[in-house]
Amino acid sequence: MKEIMQYINRDSFLHSMNPLSKIAAVTGIIILSVFTTDSTVLGLLVLGIFLASLKAGLHQELLRQLKLLVFLSVTLILLTIFTLKSGETIGYLIPAGTLTAGGLVPVTTGALDFGTVLSLRFFAMLFAFQLLVVTTKPSDLMKALLEIRIPVDYVLMFVIALRFIPSLQVEGQRIHEAQLARGYNPGKGISGKIRSVKPILVPL
């Protein structure tokens with residue numbers, strides 16, 4: 001199992017960029033993502049980040065997070081469908097004739113648009129942050145953060161937290177494998193993926 005959020009020693013244009021430039025670019029992407037409500041702009045932003053990773057040969061690192069982001073996107077869109085009723089109704093989550101004659105939980109254009117915007121924001125921010133981490137040595141990243149006057153305590157906490165991500169990933173995988181060895185069968189599909197997280201959070 002390849003560890004995530006780990007520096008990858010490679011010769012690419014992203015690796016050769018100044019860490020301060022990459023930090024500024026990621027900050028700009030995050031600010032643009034937060035303040036932009038146009039899904040087209042956000043989609044182009046995500047596409048641009050992915051093309052940059054493709055040129056640097058790091059697209060596989062982003063694709064490995066795709067399952068998590070798709071699951072998050074579906075969750076966000078469903079949440080907005082349940083909570084936001086603006087715009088035109090284009091259908092129902094529970095079709096007419098299933099439980100009632102008129103259908104339940106209307107799906108509106110406003111909910112779909114807002115859910116899509118939220119999803120693309122997460123795509124852009126996570127992809128940009130991941131490229132920053134995998135293309136910048138931890139020592140260089142620490143020096144760059146100190147140069148922009150980030151307090152040393154916060155810098156140390158940030159770097160240590162990054163080092164814990166792969167450790168938590170490996171530990172979670174070990175727990176999952178141990179539960180499978182004891183006969184636990186989470187099943188397949190989306191429901192299986194959800195149930196497979198349960199023994200990691202609450203070991204049997």
# chains A, B, ... in the order shown; residues from 1 in each chain; ligands from 1
$ select_by_dssp --residues "segment 16-160 of chain A" --states "strand (DSSP E or B)" --output "list in words"
Thr89, Ile90, Gly91, Tyr92, Leu93, Ile94, Leu104, Val105, Pro106, Val107 and Thr108 of chain A
$ write_last_selection --atoms "N, CA, C and O atoms" --output "tab-separated table (two decimals), in the first residue's frame"
chain	number	residue	atom	x	y	z
A	89	THR	N	-37.96	22.56	-9.73
A	89	THR	CA	-37.95	21.14	-9.39
A	89	THR	C	-37.82	20.33	-10.67
A	89	THR	O	-38.62	20.46	-11.59
A	90	ILE	N	-36.78	19.49	-10.73
A	90	ILE	CA	-36.54	18.70	-11.93
A	90	ILE	C	-36.87	17.21	-11.72
A	90	ILE	O	-36.76	16.41	-12.65
A	91	GLY	N	-37.24	16.86	-10.49
A	91	GLY	CA	-37.59	15.48	-10.20
A	91	GLY	C	-37.70	15.26	-8.71
A	91	GLY	O	-37.70	16.22	-7.92
A	92	TYR	N	-37.78	14.01	-8.34
A	92	TYR	CA	-37.91	13.65	-6.93
A	92	TYR	C	-36.94	12.53	-6.59
A	92	TYR	O	-36.72	11.63	-7.41
A	93	LEU	N	-36.36	12.64	-5.40
A	93	LEU	CA	-35.43	11.60	-4.96
A	93	LEU	C	-36.16	10.27	-4.77
A	93	LEU	O	-35.63	9.21	-5.09
A	94	ILE	N	-37.38	10.35	-4.25
A	94	ILE	CA	-38.26	9.19	-4.16
A	94	ILE	C	-39.35	9.39	-5.19
A	94	ILE	O	-40.22	10.25	-5.02
A	104	LEU	N	-41.55	12.23	-3.19
A	104	LEU	CA	-40.99	12.82	-1.99
A	104	LEU	C	-39.58	13.33	-2.26
A	104	LEU	O	-38.88	12.83	-3.14
A	105	VAL	N	-39.17	14.33	-1.49
A	105	VAL	CA	-37.85	14.96	-1.56
A	105	VAL	C	-37.59	15.50	-2.97
A	105	VAL	O	-36.93	14.88	-3.80
A	106	PRO	N	-38.11	16.69	-3.25
A	106	PRO	CA	-37.90	17.28	-4.58
A	106	PRO	C	-36.43	17.63	-4.83
A	106	PRO	O	-35.73	18.09	-3.94
A	107	VAL	N	-35.98	17.36	-6.04
A	107	VAL	CA	-34.62	17.71	-6.46
A	107	VAL	C	-34.70	19.00	-7.26
A	107	VAL	O	-35.31	19.03	-8.33
A	108	THR	N	-34.10	20.07	-6.75
A	108	THR	CA	-34.18	21.37	-7.40
A	108	THR	C	-32.84	21.73	-8.06
A	108	THR	O	-31.79	21.20	-7.70
$ residues_around --residues "Ser73 of chain A" --least-positions-apart "4" --cutoff "8 Å" --atoms "only C-alpha atoms" --output "list in words"
Leu69, Ile77, Gly115, Thr116, Leu118 and Ser119 of chain A
$ write_last_selection --atoms "all heavy atoms" --output "mmCIF file, in the first residue's frame"
data_model
loop_
_atom_site.group_PDB
_atom_site.id
_atom_site.type_symbol
_atom_site.label_atom_id
_atom_site.label_comp_id
_atom_site.auth_asym_id
_atom_site.auth_seq_id
_atom_site.Cartn_x
_atom_site.Cartn_y
_atom_site.Cartn_z
ATOM 1 N N LEU A 69 -13.277 11.543 -2.709
ATOM 2 C CA LEU A 69 -13.896 12.792 -3.136
ATOM 3 C C LEU A 69 -15.251 12.552 -3.795
ATOM 4 O O LEU A 69 -16.177 13.355 -3.622
ATOM 5 C CB LEU A 69 -12.966 13.532 -4.097
ATOM 6 C CG LEU A 69 -11.733 14.166 -3.438
ATOM 7 C CD1 LEU A 69 -10.771 14.702 -4.490
ATOM 8 C CD2 LEU A 69 -12.145 15.292 -2.498
ATOM 9 N N ILE A 77 -24.107 16.589 -2.227
ATOM 10 C CA ILE A 77 -25.234 16.844 -3.120
ATOM 11 C C ILE A 77 -26.537 16.342 -2.487
ATOM 12 O O ILE A 77 -27.575 17.023 -2.544
ATOM 13 C CB ILE A 77 -24.982 16.179 -4.484
ATOM 14 C CG1 ILE A 77 -23.843 16.903 -5.207
ATOM 15 C CG2 ILE A 77 -26.246 16.213 -5.348
ATOM 16 C CD1 ILE A 77 -23.413 16.261 -6.505
ATOM 17 N N GLY A 115 -24.633 22.022 -4.480
ATOM 18 C CA GLY A 115 -23.904 20.803 -4.147
ATOM 19 C C GLY A 115 -22.708 20.585 -5.053
ATOM 20 O O GLY A 115 -21.640 20.155 -4.607
ATOM 21 N N THR A 116 -22.868 20.906 -6.337
ATOM 22 C CA THR A 116 -21.758 20.783 -7.281
ATOM 23 C C THR A 116 -20.643 21.762 -6.952
ATOM 24 O O THR A 116 -19.454 21.424 -7.019
ATOM 25 C CB THR A 116 -22.254 21.019 -8.722
ATOM 26 O OG1 THR A 116 -23.285 20.087 -9.027
ATOM 27 C CG2 THR A 116 -21.122 20.865 -9.724
ATOM 28 N N LEU A 118 -19.921 23.045 -3.980
ATOM 29 C CA LEU A 118 -19.231 22.566 -2.772
ATOM 30 C C LEU A 118 -18.277 21.422 -3.104
ATOM 31 O O LEU A 118 -17.151 21.377 -2.605
ATOM 32 C CB LEU A 118 -20.252 22.109 -1.733
ATOM 33 C CG LEU A 118 -21.125 23.180 -1.064
ATOM 34 C CD1 LEU A 118 -22.113 22.530 -0.107
ATOM 35 C CD2 LEU A 118 -20.264 24.201 -0.341
ATOM 36 N N SER A 119 -18.729 20.510 -3.955
ATOM 37 C CA SER A 119 -17.890 19.362 -4.319
ATOM 38 C C SER A 119 -16.641 19.814 -5.060
ATOM 39 O O SER A 119 -15.528 19.359 -4.762
ATOM 40 C CB SER A 119 -18.700 18.399 -5.192
ATOM 41 O OG SER A 119 -19.850 17.942 -4.512
#
$ atom_distance --atom1 "atom CA of Ser53 of chain A" --atom2 "atom CA of Arg149 of chain A"
28.7 Å
$ residues_around --residues "segment 58-60 of chain A" --least-positions-apart "4" --cutoff "10 Å" --atoms "only C-alpha atoms" --output "list of chain:residue names"
A:Ile8, A:Arg10, A:Ser12, A:Leu14, A:Ile49, A:Phe50, A:Leu51, A:Ala52, A:Ser53, A:Leu54, A:Arg64, A:Gln65, A:Leu66, A:Phe127, A:Leu131, A:Val134, A:Thr135
$ residues_around --residues "Asp38 of chain A" --least-positions-apart "5" --cutoff "12 Å" --atoms "only C-alpha atoms" --output "list in words"
Leu32, Ser33, Gly43, Leu44, Leu45, Asp113, Phe114, Gly115, Thr116, Val117, Leu118, Leu120 and Arg121 of chain A
$ write_last_selection --atoms "C-alpha atoms" --output "mmCIF file, in the first residue's frame"
data_model
loop_
_atom_site.group_PDB
_atom_site.id
_atom_site.type_symbol
_atom_site.label_atom_id
_atom_site.label_comp_id
_atom_site.auth_asym_id
_atom_site.auth_seq_id
_atom_site.Cartn_x
_atom_site.Cartn_y
_atom_site.Cartn_z
ATOM 1 C CA LEU A 32 -10.652 31.547 -5.279
ATOM 2 C CA SER A 33 -12.454 28.307 -4.448
ATOM 3 C CA GLY A 43 -14.482 23.028 -12.900
ATOM 4 C CA LEU A 44 -11.833 24.766 -15.003
ATOM 5 C CA LEU A 45 -9.748 25.278 -11.864
ATOM 6 C CA ASP A 113 -25.838 23.732 -8.404
ATOM 7 C CA PHE A 114 -24.853 24.438 -4.797
ATOM 8 C CA GLY A 115 -23.904 20.803 -4.147
ATOM 9 C CA THR A 116 -21.758 20.783 -7.281
ATOM 10 C CA VAL A 117 -20.024 23.998 -6.224
ATOM 11 C CA LEU A 118 -19.231 22.566 -2.772
ATOM 12 C CA LEU A 120 -15.653 21.175 -6.803
ATOM 13 C CA ARG A 121 -14.312 23.358 -3.999
#
